[in-house]
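Okay, structure first, notes after.
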Amino acid sequence: MVKLRKKMIGLTIAGTVAVGSLVVGNSIMDHPAQAKSESKQKGKQPENVIMMVMDGTSSTATTLARWYKGEPLAMDEIMTGGVRTYSAESAITDSAPAGTALATGNKSNSGYVGVLPSLVTSPGLEQISEEDKFRPVANIMEGAERTGRATGIIATSEIQHATPAAFSAHHADRDNFEVLGEQQVYQDMEVVLGGGKEALQPGTGKKSRKDNENLIKVIQEKDYDFVETKDELLNSKSNKIWGSFSNSALAYDMDREETNPEQPTLAEMTSKSIETLSKDKDGFSLFVEGSKPDWAAHANDPIGMISDVLAFDAAVAEAVEFAKKDGNTMVIAVTDHGNSGISIGNSNTTKGYDTTPVSKYIEPLKKAKMTIEGATSKLKDDLSNLEEVAALYGLENLTTDEKEKLKAAKTKEEVGPILSKLLANRANLGFTTGGHTGEDVFLYAYGPQKPSGLIDNTDIAKTVSKAMGFDLEELTDELFLDAESAFKKVKATVKVDKTDEANPVLVVTRKNLRAELPVNKDIIRIKGKEYNLDSIIVESNGKFYVPEEAVNLFKKHAR
């Protein structure tokens, strides 16, 4: 098979990774002791990598969070450059291809998780071959596992959501939690923390499993300590922890103590994961996502954005503190794309913007006690407590005009957008969209072989894989062989048993030898014996992919 690299070179556009550091405020240049420490680390091979993504966060949101906090962010200290975020088909990326770029080093399409694109329209990118469309591609976590490192993923959304899934699964539909969740369970990561419990078991919920598999039972059989509260997590002594703290997503950090005090913070999950994974003498790779700045941005909710940017920043502080003490850890923090077009300044400040004090933007925000999600959760069915809910969102002493706008809401769903518009007006903030945006974003990094300069999002996966000592393209060729072609070479035939539509099984036969490979699992059954493989079986757009190990095992038994 032709090497993937030859076909995909245009899709991965390697950005030039500058060797120097940017001279910016609060950068390494303002911290000479840190600069000296990092210069010693420069040529070292990091044992550990902590990859952190603050989903959907435009630079204005971090600026606003800094003003709100009243002091520098932990991220400010490690800012090293910028990242281009476009996808294979658009200047504005979806989280699925953005995560795929960060995790695998390949551009992809909207909704595609851990697989190559089927459509390429962005300028400067080479077209995808028919053979490679939808093909699964290896990610940095799969590579880390094969170097002997312990691995883990964290998210404040459902763990099956697009970005954490891009680092742990492969499917062309980001909304198929059933497939993504099952693959994650069979990836044998040591730590998995987040929401999404509903997608792990059968039930009547929207995301409940339709295949009747109870993955919580499988998780426990795999010797994970399955925890559901902050206390259970922090008290766990296990080397394998699966934390499922909500049926769906976790609460916004600002709302958590009021609505879900039993849930851990992102910083607590990060610290516990580092503590657990660092027990492995071969090192570790950890992925951390602060998922909900993106959700708040979609809702044009500046309070939710600030809440979870600061929560993410606290997690970055935990990671960098460990890296500084350890000396062998690379930390990368980045957002996957912008969102909302938030601006500090709106039509209110067209005149007088240059004399409008910071307080005019921040003081209205400081009055909020909850995010849009938290405040509107307190609404009565008849909307009789609209003004009380508005006060929770910082909108006290409503004007007659504000009251009229609020009373125009006829359903609970209509209240949130009105509240966000009213607060944005008071705080002189602007929004251009309820969707993603296409600007370059900041790059934050610390430790040996850290990336710097203006780079492409695909360069991050390449930097990480090189630092950990493996090649993602070679790994793809080992883990994701076209099943039909691969087994044909050993004179075997492949059929798909769909007796149970929800649980398809690849059946490989050669004369009297039969092997079964359940899709989305890392299992092969031959002659009544079950073997664990070094990768999962993946179906993508009707084609099935198997690891080279599966073919070799079949060959061995065919002798």
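For the structure tokens, the naming scheme is as follows: chains receive sequential letters (A, B, ...) according to their order of presentation, residues are indexed from 1 within each chain, and ligands are indexed from 1 in presentation order.
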Would you list, as a PyMOL selection string, the residues of segment 74-255 of chain A that end up in alpha helix (DSSP H) under DSSP run on this structure's backbone? chain A and resi 95-104+140-146+162-166+177-185+215-221+230-235+253-255
For Tyr444 of chain A, please output as a PyMOL selection string all residues within 10 Å (counting only C-alpha atoms; exclusion window: fewer than 6 positions along the same chain). chain A and resi 27+52+74-83+316+331-335+450-452
Write out as an NGL selection string the residues lying within 6 Å of Glu89 of chain A, counting only C-alpha atoms and excluding same-chain residues fewer than 5 positions away. :A and (120-122)
Within 10 Å of segment 133-151 of chain A: each segment 168-213 of chain A residue with its shortest pair, only C-alpha atoms, as a tab-separated table:
```
residue	atom	partner	partner_atom	distance
A:Ser168	CA	A:Met141	CA	6.9
A:Ala169	CA	A:Asn139	CA	8.7
A:His170	CA	A:Pro136	CA	6.0
A:His171	CA	A:Pro136	CA	7.6
A:Ala172	CA	A:Phe134	CA	6.9
A:Gln187	CA	A:Glu142	CA	8.1
A:Asp188	CA	A:Thr151	CA	8.5
A:Met189	CA	A:Thr151	CA	5.2
A:Glu190	CA	A:Thr151	CA	5.6
A:Val191	CA	A:Thr151	CA	6.6
A:Val192	CA	A:Thr151	CA	8.8
```
Run DSSP on the backbone and give me the residues of segment 120-321 of chain A it puts in strand (DSSP E or B), as an NGL selection string. :A and (136 or 150-158 or 171 or 191-195 or 202 or 209 or 225-227 or 241-244 or 284-290)
Expected file: the selected residues, C-alpha atoms, as an mmCIF file, in the first residue's frame:
```cif
data_model
loop_
_atom_site.group_PDB
_atom_site.id
_atom_site.type_symbol
_atom_site.label_atom_id
_atom_site.label_comp_id
_atom_site.auth_asym_id
_atom_site.auth_seq_id
_atom_site.Cartn_x
_atom_site.Cartn_y
_atom_site.Cartn_z
ATOM 1 C CA PRO A 136 -9.392 5.990 10.184
ATOM 2 C CA ALA A 150 -0.267 5.368 30.453
ATOM 3 C CA THR A 151 -3.042 7.411 28.851
ATOM 4 C CA GLY A 152 -6.106 9.352 29.935
ATOM 5 C CA ILE A 153 -8.805 11.705 28.668
ATOM 6 C CA ILE A 154 -10.884 14.299 30.514
ATOM 7 C CA ALA A 155 -13.821 16.472 29.392
ATOM 8 C CA THR A 156 -16.499 18.567 31.048
ATOM 9 C CA SER A 157 -18.917 17.567 28.281
ATOM 10 C CA GLU A 158 -20.009 14.010 27.632
ATOM 11 C CA HIS A 171 -16.249 7.495 13.157
ATOM 12 C CA VAL A 191 -8.081 7.251 33.142
ATOM 13 C CA VAL A 192 -11.357 8.492 31.636
ATOM 14 C CA LEU A 193 -13.186 11.342 33.400
ATOM 15 C CA GLY A 194 -16.198 13.377 32.314
ATOM 16 C CA GLY A 195 -19.916 13.192 31.637
ATOM 17 C CA PRO A 202 -29.272 0.846 27.825
ATOM 18 C CA ARG A 209 -27.517 2.608 24.143
ATOM 19 C CA ASP A 225 -12.615 1.956 39.688
ATOM 20 C CA PHE A 226 -15.925 3.353 38.373
ATOM 21 C CA VAL A 227 -16.577 6.594 40.276
ATOM 22 C CA ILE A 241 -10.222 5.128 37.037
ATOM 23 C CA TRP A 242 -13.366 5.753 34.987
ATOM 24 C CA GLY A 243 -15.298 8.744 36.275
ATOM 25 C CA SER A 244 -18.804 9.367 34.967
ATOM 26 C CA PHE A 284 2.008 9.206 30.339
ATOM 27 C CA SER A 285 -0.087 11.167 27.875
ATOM 28 C CA LEU A 286 -3.136 13.047 29.125
ATOM 29 C CA PHE A 287 -5.809 14.904 27.128
ATOM 30 C CA VAL A 288 -7.866 17.555 28.965
ATOM 31 C CA GLU A 289 -10.812 19.476 27.526
ATOM 32 C CA GLY A 290 -12.644 22.387 29.034
#
```
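Checking A:Gly341, A:Gly283, A:Pro293, A:Gly327 one by one against Asp308 of chain A, counting only C-alpha atoms, you find the shortest gap at A:Pro293.
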Residues within 8 Å of Tyr361 of chain A, please, as a tab-separated table (two decimals) with N, CA, C and O atoms, in the first residue's frame. Count only C-alpha atoms; anything in the same chain fewer than 4 positions from it doesn't count.
```
chain	number	residue	atom	x	y	z
A	344	ILE	N	-15.10	43.19	22.94
A	344	ILE	CA	-15.16	44.13	24.06
A	344	ILE	C	-15.39	45.50	23.43
A	344	ILE	O	-14.48	46.09	22.86
A	357	PRO	N	-13.93	53.25	30.72
A	357	PRO	CA	-13.07	52.50	31.64
A	357	PRO	C	-13.41	51.00	31.64
A	357	PRO	O	-14.51	50.59	31.27
A	365	LEU	N	-20.89	42.37	34.66
A	365	LEU	CA	-20.68	40.93	34.65
A	365	LEU	C	-20.48	40.38	36.05
A	365	LEU	O	-20.90	39.26	36.37
A	426	ARG	N	-25.67	45.85	28.67
A	426	ARG	CA	-25.21	46.54	29.88
A	426	ARG	C	-23.68	46.55	29.98
A	426	ARG	O	-23.09	47.52	30.47
A	427	ALA	N	-23.05	45.44	29.54
A	427	ALA	CA	-21.60	45.31	29.67
A	427	ALA	C	-20.84	45.78	28.43
A	427	ALA	O	-19.62	45.62	28.35
A	428	ASN	N	-21.56	46.36	27.47
A	428	ASN	CA	-20.94	46.90	26.26
A	428	ASN	C	-20.16	45.84	25.47
A	428	ASN	O	-19.08	46.10	24.94
A	429	LEU	N	-20.73	44.64	25.40
A	429	LEU	CA	-20.11	43.55	24.66
A	429	LEU	C	-20.88	43.30	23.37
A	429	LEU	O	-22.09	43.50	23.30
```
Lys421 of chain A surroundings by only C-alpha atoms, 9 Å radius, close-in-sequence under 5 positions cut, as a VMD selection string: chain A and resid 300 to 301 416 426
Residue neighbourhood segment 320-325 of chain A, 8 Å, only C-alpha atoms, exclusion window fewer than 5 positions, as a PDB file with N, CA and C atoms, in the first residue's frame:
```
ATOM      1  N   MET A 330       5.881  17.919  28.705  1.00  0.00           N
ATOM      2  CA  MET A 330       5.470  18.971  27.783  1.00  0.00           C
ATOM      3  C   MET A 330       3.978  19.229  27.970  1.00  0.00           C
ATOM      4  N   VAL A 331       3.618  20.482  28.138  1.00  0.00           N
ATOM      5  CA  VAL A 331       2.216  20.896  28.248  1.00  0.00           C
ATOM      6  C   VAL A 331       1.880  21.756  27.036  1.00  0.00           C
ATOM      7  N   TYR A 446       4.599  24.637  27.231  1.00  0.00           N
ATOM      8  CA  TYR A 446       5.678  24.644  28.225  1.00  0.00           C
ATOM      9  C   TYR A 446       6.394  23.293  28.178  1.00  0.00           C
ATOM     10  N   GLY A 447       7.702  23.326  28.431  1.00  0.00           N
ATOM     11  CA  GLY A 447       8.433  22.078  28.596  1.00  0.00           C
ATOM     12  C   GLY A 447       9.261  21.688  27.383  1.00  0.00           C
TER      13      GLY A 447
END
```
Ser208 of chain A environment, 8 Å, only C-alpha atoms, sequence neighbours closer than 5 positions dropped, as a PDB file with C-alpha atoms, in the first residue's frame:
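Dumped to out20.pdb:
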```pdb
ATOM      1  CA  GLU A 178     -23.115   4.607  20.743  1.00  0.00           C
ATOM      2  CA  GLU A 198     -26.252   7.834  29.717  1.00  0.00           C
ATOM      3  CA  ALA A 199     -24.367   6.697  26.603  1.00  0.00           C
ATOM      4  CA  LEU A 200     -22.736   3.856  28.526  1.00  0.00           C
ATOM      5  CA  GLN A 201     -25.869   1.844  29.262  1.00  0.00           C
ATOM      6  CA  PRO A 202     -29.272   0.846  27.825  1.00  0.00           C
ATOM      7  CA  GLY A 203     -32.243   2.984  28.770  1.00  0.00           C
TER       8      GLY A 203
END
```
Between A:Lys240, A:Asp294, A:Ala314, A:Ser307, which one has atoms that come closest to Lys279 of chain A, using only C-alpha atoms? A:Lys240
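Put simply, atom CA of Ala315 of chain A is 18.5 Å away from atom CA of Ala296 of chain A.
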Ranking A:Ala461, A:Leu479, A:Ala299, A:Ile526 by minimum distance to Ala101 of chain A and counting only C-alpha atoms, which one comes first? A:Ala461
Have a look at atom CA of Asp326 of chain A and atom CA of Met468 of chain A and let me know their distance in Å, one decimal. 16.2 Å
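Closest approach to Tyr393 of chain A among A:Glu213, A:Asp255, A:Asp313, A:Glu126: A:Asp255, based on only C-alpha atoms.
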Just to confirm, what's the straight-line distance from atom CA of Gly394 of chain A to atom CA of Thr376 of chain A in Å (one decimal)? 12.5 Å
